[in-house]
Every structure is written in structure tokens, then in C-alpha cells.
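S.K.: My structure file query.pdb, PDB, C-alpha atoms, is below:
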ATOM      1  CA  MET A   1       0.150  -7.994 -17.187  1.00  0.00           C
ATOM      2  CA  HIS A   2       1.811  -4.602 -16.934  1.00  0.00           C
ATOM      3  CA  LEU A   3       2.026  -2.815 -13.601  1.00  0.00           C
ATOM      4  CA  TYR A   4       2.483   0.937 -13.886  1.00  0.00           C
ATOM      5  CA  PHE A   5       4.261   2.106 -10.753  1.00  0.00           C
ATOM      6  CA  LYS A   6       6.266   4.782  -9.027  1.00  0.00           C
ATOM      7  CA  PRO A   7       9.022   3.589  -6.656  1.00  0.00           C
ATOM      8  CA  GLY A   8       7.829   3.521  -3.068  1.00  0.00           C
ATOM      9  CA  ALA A   9       4.315   4.679  -3.934  1.00  0.00           C
ATOM     10  CA  CYS A  10       1.151   2.757  -3.098  1.00  0.00           C
ATOM     11  CA  SER A  11       1.650   0.763  -6.298  1.00  0.00           C
ATOM     12  CA  LEU A  12       4.234  -1.191  -4.282  1.00  0.00           C
ATOM     13  CA  ALA A  13       1.319  -3.107  -2.725  1.00  0.00           C
ATOM     14  CA  ALA A  14       0.385  -4.533  -6.130  1.00  0.00           C
ATOM     15  CA  ARG A  15       4.004  -5.507  -6.815  1.00  0.00           C
ATOM     16  CA  ILE A  16       4.171  -7.315  -3.465  1.00  0.00           C
ATOM     17  CA  THR A  17       0.954  -9.147  -4.308  1.00  0.00           C
ATOM     18  CA  LEU A  18       2.138 -10.157  -7.775  1.00  0.00           C
ATOM     19  CA  ILE A  19       5.358 -11.551  -6.316  1.00  0.00           C
ATOM     20  CA  GLU A  20       3.525 -13.307  -3.474  1.00  0.00           C
ATOM     21  CA  LEU A  21       1.311 -15.030  -6.050  1.00  0.00           C
ATOM     22  CA  GLY A  22       4.136 -15.812  -8.464  1.00  0.00           C
ATOM     23  CA  LEU A  23       2.297 -14.122 -11.322  1.00  0.00           C
ATOM     24  CA  PRO A  24       4.317 -12.933 -14.331  1.00  0.00           C
ATOM     25  CA  PHE A  25       4.238  -9.195 -14.961  1.00  0.00           C
ATOM     26  CA  ALA A  26       6.203  -6.334 -16.427  1.00  0.00           C
ATOM     27  CA  ALA A  27       6.800  -3.299 -14.222  1.00  0.00           C
ATOM     28  CA  VAL A  28       6.612   0.034 -16.041  1.00  0.00           C
ATOM     29  CA  PRO A  29       7.938   3.124 -14.186  1.00  0.00           C
ATOM     30  CA  VAL A  30       5.833   6.273 -14.360  1.00  0.00           C
ATOM     31  CA  ASP A  31       6.885   9.870 -13.817  1.00  0.00           C
ATOM     32  CA  THR A  32       3.591  11.204 -12.496  1.00  0.00           C
ATOM     33  CA  ALA A  33       4.886  14.787 -12.436  1.00  0.00           C
ATOM     34  CA  LYS A  34       5.619  14.695 -16.163  1.00  0.00           C
ATOM     35  CA  GLY A  35       2.781  12.319 -16.967  1.00  0.00           C
ATOM     36  CA  THR A  36       4.980   9.922 -18.903  1.00  0.00           C
ATOM     37  CA  THR A  37       6.206   6.361 -18.658  1.00  0.00           C
ATOM     38  CA  ALA A  38       9.880   5.423 -18.768  1.00  0.00           C
ATOM     39  CA  THR A  39       9.619   5.093 -22.548  1.00  0.00           C
ATOM     40  CA  GLY A  40       8.128   8.587 -22.889  1.00  0.00           C
ATOM     41  CA  ALA A  41       4.584   7.393 -23.536  1.00  0.00           C
ATOM     42  CA  ASP A  42       1.693   9.598 -22.431  1.00  0.00           C
ATOM     43  CA  TYR A  43       0.579   7.932 -19.203  1.00  0.00           C
ATOM     44  CA  LYS A  44      -2.862   9.540 -19.311  1.00  0.00           C
ATOM     45  CA  ARG A  45      -3.612   7.480 -22.395  1.00  0.00           C
ATOM     46  CA  ILE A  46      -3.218   4.461 -20.097  1.00  0.00           C
ATOM     47  CA  ASN A  47      -4.740   5.916 -16.938  1.00  0.00           C
ATOM     48  CA  PRO A  48      -6.519   9.251 -17.451  1.00  0.00           C
ATOM     49  CA  LYS A  49      -6.427   9.847 -13.688  1.00  0.00           C
ATOM     50  CA  GLY A  50      -2.685  10.280 -13.962  1.00  0.00           C
ATOM     51  CA  TYR A  51      -1.627   8.486 -10.794  1.00  0.00           C
ATOM     52  CA  VAL A  52      -0.415   5.000  -9.938  1.00  0.00           C
ATOM     53  CA  PRO A  53      -1.069   2.153  -9.790  1.00  0.00           C
ATOM     54  CA  ALA A  54      -2.601   0.985 -13.008  1.00  0.00           C
ATOM     55  CA  LEU A  55      -2.678  -2.635 -14.078  1.00  0.00           C
ATOM     56  CA  ALA A  56      -3.042  -3.481 -17.759  1.00  0.00           C
ATOM     57  CA  ILE A  57      -4.410  -7.015 -17.935  1.00  0.00           C
ATOM     58  CA  SER A  58      -4.799  -7.179 -21.708  1.00  0.00           C
ATOM     59  CA  PRO A  59      -4.526  -4.713 -24.610  1.00  0.00           C
ATOM     60  CA  GLY A  60      -6.801  -1.785 -23.831  1.00  0.00           C
ATOM     61  CA  VAL A  61      -8.052  -3.251 -20.543  1.00  0.00           C
ATOM     62  CA  VAL A  62      -6.722  -1.379 -17.513  1.00  0.00           C
ATOM     63  CA  ILE A  63      -7.691  -1.573 -13.832  1.00  0.00           C
ATOM     64  CA  THR A  64      -7.017   1.364 -11.511  1.00  0.00           C
ATOM     65  CA  GLU A  65      -7.351   1.970  -7.744  1.00  0.00           C
ATOM     66  CA  ASN A  66      -5.498  -0.204  -5.258  1.00  0.00           C
ATOM     67  CA  PRO A  67      -8.526  -1.894  -3.636  1.00  0.00           C
ATOM     68  CA  ALA A  68      -9.766  -3.048  -7.032  1.00  0.00           C
ATOM     69  CA  ILE A  69      -6.356  -4.132  -8.323  1.00  0.00           C
ATOM     70  CA  LEU A  70      -5.441  -6.018  -5.168  1.00  0.00           C
ATOM     71  CA  GLN A  71      -8.704  -7.955  -5.022  1.00  0.00           C
ATOM     72  CA  TYR A  72      -8.508  -8.760  -8.720  1.00  0.00           C
ATOM     73  CA  LEU A  73      -5.015 -10.181  -8.287  1.00  0.00           C
ATOM     74  CA  ALA A  74      -5.911 -12.167  -5.180  1.00  0.00           C
ATOM     75  CA  ASP A  75      -8.839 -13.758  -7.013  1.00  0.00           C
ATOM     76  CA  LEU A  76      -6.522 -14.962  -9.785  1.00  0.00           C
ATOM     77  CA  ALA A  77      -5.044 -17.423  -7.313  1.00  0.00           C
ATOM     78  CA  PRO A  78      -7.689 -17.995  -4.625  1.00  0.00           C
ATOM     79  CA  GLU A  79      -5.851 -21.030  -3.301  1.00  0.00           C
ATOM     80  CA  ARG A  80      -3.127 -18.714  -1.981  1.00  0.00           C
ATOM     81  CA  GLY A  81      -5.592 -17.103   0.438  1.00  0.00           C
ATOM     82  CA  LEU A  82      -4.638 -13.463  -0.099  1.00  0.00           C
ATOM     83  CA  ALA A  83      -8.338 -12.574  -0.015  1.00  0.00           C
ATOM     84  CA  PRO A  84     -11.229 -14.423   1.669  1.00  0.00           C
ATOM     85  CA  PRO A  85     -13.851 -15.871  -0.691  1.00  0.00           C
ATOM     86  CA  ALA A  86     -16.341 -13.390  -2.103  1.00  0.00           C
ATOM     87  CA  GLY A  87     -19.776 -13.337  -0.522  1.00  0.00           C
ATOM     88  CA  GLY A  88     -18.728 -13.889   3.081  1.00  0.00           C
ATOM     89  CA  LEU A  89     -18.270 -11.553   6.020  1.00  0.00           C
ATOM     90  CA  GLU A  90     -14.488 -11.953   5.977  1.00  0.00           C
ATOM     91  CA  ARG A  91     -14.389 -10.610   2.414  1.00  0.00           C
ATOM     92  CA  VAL A  92     -16.384  -7.624   3.618  1.00  0.00           C
ATOM     93  CA  ARG A  93     -13.831  -7.113   6.407  1.00  0.00           C
ATOM     94  CA  LEU A  94     -11.069  -7.158   3.813  1.00  0.00           C
ATOM     95  CA  GLN A  95     -12.910  -4.551   1.752  1.00  0.00           C
ATOM     96  CA  GLU A  96     -13.494  -2.516   4.900  1.00  0.00           C
ATOM     97  CA  TRP A  97      -9.753  -2.366   5.588  1.00  0.00           C
ATOM     98  CA  LEU A  98      -8.813  -1.692   1.986  1.00  0.00           C
ATOM     99  CA  ALA A  99     -11.254   1.225   1.972  1.00  0.00           C
ATOM    100  CA  PHE A 100      -9.904   2.589   5.259  1.00  0.00           C
ATOM    101  CA  ILE A 101      -6.286   2.357   4.164  1.00  0.00           C
ATOM    102  CA  SER A 102      -7.078   4.024   0.844  1.00  0.00           C
ATOM    103  CA  SER A 103      -9.452   6.758   1.974  1.00  0.00           C
ATOM    104  CA  GLU A 104      -8.192   7.546   5.465  1.00  0.00           C
ATOM    105  CA  LEU A 105      -4.689   6.315   6.307  1.00  0.00           C
ATOM    106  CA  HIS A 106      -3.173   6.853   2.867  1.00  0.00           C
ATOM    107  CA  LYS A 107      -4.624  10.362   2.596  1.00  0.00           C
ATOM    108  CA  ALA A 108      -3.339  11.258   6.051  1.00  0.00           C
ATOM    109  CA  PHE A 109       0.160  11.262   4.527  1.00  0.00           C
ATOM    110  CA  ALA A 110      -0.833  13.708   1.789  1.00  0.00           C
ATOM    111  CA  PRO A 111       0.525  16.859   3.486  1.00  0.00           C
ATOM    112  CA  TRP A 112       4.053  15.453   3.403  1.00  0.00           C
ATOM    113  CA  PHE A 113       3.867  14.430  -0.243  1.00  0.00           C
ATOM    114  CA  SER A 114       2.028  17.453  -1.635  1.00  0.00           C
ATOM    115  CA  GLY A 115       5.207  19.329  -2.514  1.00  0.00           C
ATOM    116  CA  ARG A 116       4.011  22.332  -0.526  1.00  0.00           C
ATOM    117  CA  PRO A 117       5.936  23.440   2.576  1.00  0.00           C
ATOM    118  CA  MET A 118       4.193  23.097   5.928  1.00  0.00           C
ATOM    119  CA  ASN A 119       4.475  25.695   8.644  1.00  0.00           C
ATOM    120  CA  THR A 120       4.563  24.691  12.317  1.00  0.00           C
ATOM    121  CA  GLU A 121       0.790  24.794  12.704  1.00  0.00           C
ATOM    122  CA  ASP A 122       0.178  22.825   9.498  1.00  0.00           C
ATOM    123  CA  LYS A 123       2.661  20.158  10.563  1.00  0.00           C
ATOM    124  CA  ALA A 124       1.115  19.835  14.017  1.00  0.00           C
ATOM    125  CA  GLN A 125      -2.345  19.406  12.507  1.00  0.00           C
ATOM    126  CA  ALA A 126      -1.086  16.849   9.984  1.00  0.00           C
ATOM    127  CA  GLU A 127       0.706  14.870  12.685  1.00  0.00           C
ATOM    128  CA  ALA A 128      -2.388  14.880  14.913  1.00  0.00           C
ATOM    129  CA  HIS A 129      -4.579  13.631  12.066  1.00  0.00           C
ATOM    130  CA  LEU A 130      -2.100  10.904  11.153  1.00  0.00           C
ATOM    131  CA  ALA A 131      -1.881   9.872  14.816  1.00  0.00           C
ATOM    132  CA  ARG A 132      -5.651   9.345  14.944  1.00  0.00           C
ATOM    133  CA  ARG A 133      -5.529   7.064  11.929  1.00  0.00           C
ATOM    134  CA  LEU A 134      -2.549   5.161  13.357  1.00  0.00           C
ATOM    135  CA  ASP A 135      -4.581   4.712  16.544  1.00  0.00           C
ATOM    136  CA  ASP A 136      -7.230   2.944  14.440  1.00  0.00           C
ATOM    137  CA  VAL A 137      -4.637   0.512  13.094  1.00  0.00           C
ATOM    138  CA  GLU A 138      -3.149  -0.034  16.547  1.00  0.00           C
ATOM    139  CA  ARG A 139      -6.522  -1.010  17.992  1.00  0.00           C
ATOM    140  CA  GLN A 140      -7.004  -3.646  15.302  1.00  0.00           C
ATOM    141  CA  LEU A 141      -3.603  -5.202  15.920  1.00  0.00           C
ATOM    142  CA  ALA A 142      -3.586  -4.860  19.722  1.00  0.00           C
ATOM    143  CA  ASP A 143      -5.325  -8.187  20.364  1.00  0.00           C
ATOM    144  CA  GLY A 144      -2.170 -10.017  19.336  1.00  0.00           C
ATOM    145  CA  ARG A 145      -3.234 -10.920  15.811  1.00  0.00           C
ATOM    146  CA  THR A 146      -0.397 -11.170  13.310  1.00  0.00           C
ATOM    147  CA  TYR A 147      -2.231  -9.549  10.418  1.00  0.00           C
ATOM    148  CA  LEU A 148      -5.306  -7.360   9.976  1.00  0.00           C
ATOM    149  CA  LEU A 149      -7.758 -10.234   9.574  1.00  0.00           C
ATOM    150  CA  GLY A 150      -6.010 -12.708  11.855  1.00  0.00           C
ATOM    151  CA  GLU A 151      -3.148 -15.081  11.166  1.00  0.00           C
ATOM    152  CA  GLY A 152      -3.304 -15.110   7.366  1.00  0.00           C
ATOM    153  CA  PHE A 153      -1.532 -12.506   5.218  1.00  0.00           C
ATOM    154  CA  THR A 154      -3.882 -10.744   2.789  1.00  0.00           C
ATOM    155  CA  VAL A 155      -3.691  -7.995   0.202  1.00  0.00           C
ATOM    156  CA  ALA A 156      -4.883  -5.547   2.865  1.00  0.00           C
ATOM    157  CA  ASP A 157      -1.690  -6.280   4.796  1.00  0.00           C
ATOM    158  CA  ALA A 158       0.401  -5.585   1.700  1.00  0.00           C
ATOM    159  CA  TYR A 159      -1.271  -2.192   1.315  1.00  0.00           C
ATOM    160  CA  LEU A 160      -1.059  -1.393   5.029  1.00  0.00           C
ATOM    161  CA  PHE A 161       2.641  -2.223   5.091  1.00  0.00           C
ATOM    162  CA  VAL A 162       3.375   0.113   2.195  1.00  0.00           C
ATOM    163  CA  VAL A 163       1.562   3.022   3.806  1.00  0.00           C
ATOM    164  CA  LEU A 164       2.956   2.471   7.303  1.00  0.00           C
ATOM    165  CA  ASN A 165       6.435   2.209   5.816  1.00  0.00           C
ATOM    166  CA  TRP A 166       6.109   5.809   4.640  1.00  0.00           C
ATOM    167  CA  THR A 167       6.549   6.933   8.251  1.00  0.00           C
ATOM    168  CA  ARG A 168      10.275   6.347   7.985  1.00  0.00           C
ATOM    169  CA  PHE A 169      10.477   8.697   5.000  1.00  0.00           C
ATOM    170  CA  ILE A 170       8.592  11.554   6.666  1.00  0.00           C
ATOM    171  CA  GLY A 171      10.368  11.293  10.019  1.00  0.00           C
ATOM    172  CA  VAL A 172       7.443   9.972  12.075  1.00  0.00           C
ATOM    173  CA  SER A 173       8.339   7.240  14.559  1.00  0.00           C
ATOM    174  CA  LEU A 174       5.988   4.322  15.184  1.00  0.00           C
ATOM    175  CA  ALA A 175       7.276   4.010  18.756  1.00  0.00           C
ATOM    176  CA  ALA A 176       3.918   5.185  20.112  1.00  0.00           C
ATOM    177  CA  TRP A 177       2.191   2.410  18.136  1.00  0.00           C
ATOM    178  CA  PRO A 178       4.139  -0.756  19.055  1.00  0.00           C
ATOM    179  CA  TYR A 179       1.727  -3.187  17.442  1.00  0.00           C
ATOM    180  CA  ALA A 180       1.873  -1.283  14.163  1.00  0.00           C
ATOM    181  CA  ALA A 181       5.668  -1.189  14.403  1.00  0.00           C
ATOM    182  CA  ARG A 182       5.773  -4.942  15.000  1.00  0.00           C
ATOM    183  CA  PHE A 183       3.453  -5.454  12.034  1.00  0.00           C
ATOM    184  CA  VAL A 184       5.843  -3.553   9.745  1.00  0.00           C
ATOM    185  CA  GLU A 185       8.759  -5.692  10.905  1.00  0.00           C
ATOM    186  CA  GLN A 186       6.824  -8.935  10.410  1.00  0.00           C
ATOM    187  CA  VAL A 187       5.615  -8.066   6.934  1.00  0.00           C
ATOM    188  CA  GLN A 188       9.001  -6.795   5.844  1.00  0.00           C
ATOM    189  CA  ALA A 189      10.480 -10.181   6.774  1.00  0.00           C
ATOM    190  CA  ARG A 190       8.413 -11.868   4.053  1.00  0.00           C
ATOM    191  CA  SER A 191      10.601 -12.754   1.094  1.00  0.00           C
ATOM    192  CA  ALA A 192       8.147 -11.299  -1.447  1.00  0.00           C
ATOM    193  CA  VAL A 193       8.115  -7.975   0.383  1.00  0.00           C
ATOM    194  CA  ARG A 194      11.886  -7.725   0.551  1.00  0.00           C
ATOM    195  CA  GLU A 195      12.115  -8.657  -3.131  1.00  0.00           C
ATOM    196  CA  ALA A 196       9.572  -5.983  -4.044  1.00  0.00           C
ATOM    197  CA  LEU A 197      11.404  -3.320  -2.043  1.00  0.00           C
ATOM    198  CA  ILE A 198      14.722  -4.174  -3.634  1.00  0.00           C
ATOM    199  CA  GLU A 199      13.204  -4.191  -7.124  1.00  0.00           C
ATOM    200  CA  GLU A 200      12.051  -0.608  -6.532  1.00  0.00           C
ATOM    201  CA  GLY A 201      15.456   0.474  -5.288  1.00  0.00           C
ATOM    202  CA  LEU A 202      14.373   0.718  -1.665  1.00  0.00           C
ATOM    203  CA  SER A 203      16.397  -0.623   1.250  1.00  0.00           C
ATOM    204  CA  PRO A 204      14.272  -2.561   3.740  1.00  0.00           C
ATOM    205  CA  ALA A 205      14.231  -0.782   7.098  1.00  0.00           C
ATOM    206  CA  GLY A 206      17.237  -1.773   9.153  1.00  0.00           C
ATOM    207  CA  ASP A 207      19.327  -2.773   6.129  1.00  0.00           C
ATOM    208  CA  ALA A 208      22.414  -0.874   5.170  1.00  0.00           C
ATOM    209  CA  ALA A 209      21.672   1.690   2.476  1.00  0.00           C
TER     210      ALA A 209
END
Would you encode the structure as C-alpha cells?
M.R.:
Amino acid sequence: MHLYFKPGACSLAARITLIELGLPFAAVPVDTAKGTTATGADYKRINPKGYVPALAISPGVVITENPAILQYLADLAPERGLAPPAGGLERVRLQEWLAFISSELHKAFAPWFSGRPMNTEDKAQAEAHLARRLDDVERQLADGRTYLLGEGFTVADAYLFVVLNWTRFIGVSLAAWPYAARFVEQVQARSAVREALIEEGLSPAGDAA
């Protein structure tokens, strides 16, 4: 398999999952601004949407969109428990969280990553919207559960970690969301997560740069 990624982007969730499962893969960097891979190949010939991640599972067969990629990977090794079995309510809960992270929480960070400057009013509105989405995460974790679905780590947790970790790059503190902050610390302590961060040239929070 080939994982097309951009360092620190949401594609990091797929890398974490691949490492957690011990699946062999090649990581291919993508410059989404230029639309090329590290070798200069036209990335839109691989993923016409132009963004990451994309997972090539065989010649000419490519999966896009994090929720789809993450569930596909988890189902390659069901014994590892990174996704509940298909057909049950817990699998629906996993899909519910993957959809929320992708469509709501992830997009709430868009103003900071758009490349366009924000004035004071724009920033205040963006911060208020992000706070509402962080409140949703906080409520889910506030009952003392370790991960989104309970005590077992799933692909939804990998995705949530990646997105929550962006707060340290945009200067937003998680101090007002202590359960979310604890979640980030717990997930980052997993060996697969630290390995994935280091592979992408990122220092885990709290480590020396």
C-alpha cells in the first residue's frame, strides 16, 4: 500500500493506524499547493480531488477520505479491535464520530489553514465556532472514558488526536477542555502515535524540538 500524505495533515491518522496494525506501507509526500508528489508526479492523476490522504491499495485502486480509509484499514486486521464489527450499533457510533470529526471538527480549523489573513472579528468568530465543536468532544469524554467509544482505542481516536493536536499549531489552548487535553496526552503516549509523529518530522507535544 502507498499512503499519500502531507506532514501533520489529517493523513497522519492513517499513518498512525497503519503503524498500530503493523501493516507494511510506503509513505509518499505530497505538495498539495503544487499538486505534485515528492517525485514530481501529478498528484491529481492519483487523487483528482487534490488533497490528502489517499491510499493506493493496488495498481489503479485508490481510496480517499479519512473515514473510508480508516475503516478499510481497521477491517484488514479486525482482531486488533480498531473498529467494532460491521452491522452493530458500536460500528454506527464509530461512523458517527468519524463523520463528526471530518465534517465538523476538522472544518472548524479551516480558517487558520486557508492561507488568508483573519481580522479580529474573523478570528473571534472562528474561535467561537471551534469552541462549540470542542465542547462536543468534551461532553463525550467527560464521563471518564479513556477513548471516544470507551476503553478501547479505535481509528476514530487516531483521527481525533490528529485534529485536536492542531490546536498547538494555531495557538489555541485546550485548558478550557481538560478531558480533551487529557485525551491528547494519553493518545500521544502510544508508541505508534509517537512513531508516526517522528516519521513526519513532528515533535510530540512536550518533547524538546
S.K.: Using Å and a single decimal, report how far atom CA of A:Leu174 sits from atom CA of A:Leu202.
M.R.: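 Taking atom CA of A:Leu202 and atom CA of A:Leu174, their separation equals 19.2 Å.
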S.K.: Would you translate the PyMOL selection byres ((chain A and resi 156) around 10) into the concrete set of residues it matches in this file, as a PyMOL selection string?
M.R.: chain A and resi 13+17+66-67+70-71+82-83+93-101+147-149+153-155+157-161
S.K.: Evaluate the PyMOL selection byres ((chain A and resi 191) around 12) here and jot the selected residues down as a CSV table (one decimal) with C-alpha atoms, keeping the file's coordinate frame.
M.R.:
chain,number,residue,atom,x,y,z
A,16,ILE,CA,4.2,-7.3,-3.5
A,17,THR,CA,1.0,-9.1,-4.3
A,19,ILE,CA,5.4,-11.6,-6.3
A,20,GLU,CA,3.5,-13.3,-3.5
A,21,LEU,CA,1.3,-15.0,-6.0
A,22,GLY,CA,4.1,-15.8,-8.5
A,186,GLN,CA,6.8,-8.9,10.4
A,187,VAL,CA,5.6,-8.1,6.9
A,188,GLN,CA,9.0,-6.8,5.8
A,189,ALA,CA,10.5,-10.2,6.8
A,190,ARG,CA,8.4,-11.9,4.1
A,192,ALA,CA,8.1,-11.3,-1.4
A,193,VAL,CA,8.1,-8.0,0.4
A,194,ARG,CA,11.9,-7.7,0.6
A,195,GLU,CA,12.1,-8.7,-3.1
A,196,ALA,CA,9.6,-6.0,-4.0
A,197,LEU,CA,11.4,-3.3,-2.0
A,198,ILE,CA,14.7,-4.2,-3.6
A,204,PRO,CA,14.3,-2.6,3.7
S.K.: Do you have the atom CA of A:Ala56-atom CA of A:Leu3 distance handy?
M.R.: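 For atom CA of A:Ala56 relative to atom CA of A:Leu3, the distance reads 6.6 Å.
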S.K.: Suppose you want the space between atom CA of A:Phe183 and atom CA of A:Leu164; what is it in Å?
M.R.: 9.2 Å
S.K.: Determine, counting all atoms listed in the file, which protein, DNA and RNA residues have an atom within 12 Å of an atom of A:Lys34; residues of the same chain fewer than 3 positions away are not included. Present the result as a count of residues only.
M.R.: 12
S.K.: Determine the nearest neighbour of A:Val162 from the options A:Ile46, A:Val184, A:Val92, A:Val61, counting only C-alpha atoms.
M.R.: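 Checking each of A:Ile46, A:Val184, A:Val92, A:Val61 against A:Val162, counting only C-alpha atoms, the winner is A:Val184.
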S.K.: When you look at stretch 125-132 of chain A with a cut-off of 8 Å (counting all atoms listed in the file), what residues show up, excluding the ones that are within fewer than 6 positions of it in the same chain? I need them as a PDB file with C-alpha atoms, keeping the file's coordinate frame.
M.R.:
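Below you can see out_20.pdb, which holds the result:
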ATOM      1  CA  LEU A 105      -4.689   6.315   6.307  1.00  0.00           C
ATOM      2  CA  ALA A 108      -3.339  11.258   6.051  1.00  0.00           C
ATOM      3  CA  PHE A 109       0.160  11.262   4.527  1.00  0.00           C
ATOM      4  CA  PRO A 111       0.525  16.859   3.486  1.00  0.00           C
TER       5      PRO A 111
END
S.K.: Which residues are close to A:Pro178, i.e. within 12 Å by all atoms listed in the file, leaving aside same-chain residues fewer than 5 positions away? Reply as a list in words.
M.R.: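 What passes the distance filter is Leu134, Asp135, Val137, Glu138, Arg139, Leu141, Ala142, Gly144, Ser173, Phe183, Val184 and Glu185 of chain A.
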S.K.: List the spatial neighbours of A:His2 as number ranges by chain - criterion: any atom at most 12 Å away, only C-alpha atoms, same-chain residues fewer than 4 positions off excluded.
M.R.: A: 11, 14-15, 18, 23-30, 37, 46, 53-64, 69
S.K.: Hey, which of A:Thr146, A:Glu199, A:Lys49, A:Ala86 ends up closest to A:Ala181? Count only C-alpha atoms.
M.R.: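 Closest to A:Ala181 of all the choices is A:Thr146.
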S.K.: Which residue is closest to A:Gly171? Choose from A:Thr32, A:Glu151, A:Gly81, A:Lys123 and count only C-alpha atoms.
M.R.: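 Between A:Thr32, A:Glu151, A:Gly81, A:Lys123, the residue approaching A:Gly171 most closely is A:Lys123.
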S.K.: Measuring atom to atom with all atoms listed in the file, identify which of A:Ala110, A:Ala77, A:Ala180, A:Val172 is nearest to A:Gln140.
M.R.: A:Ala180
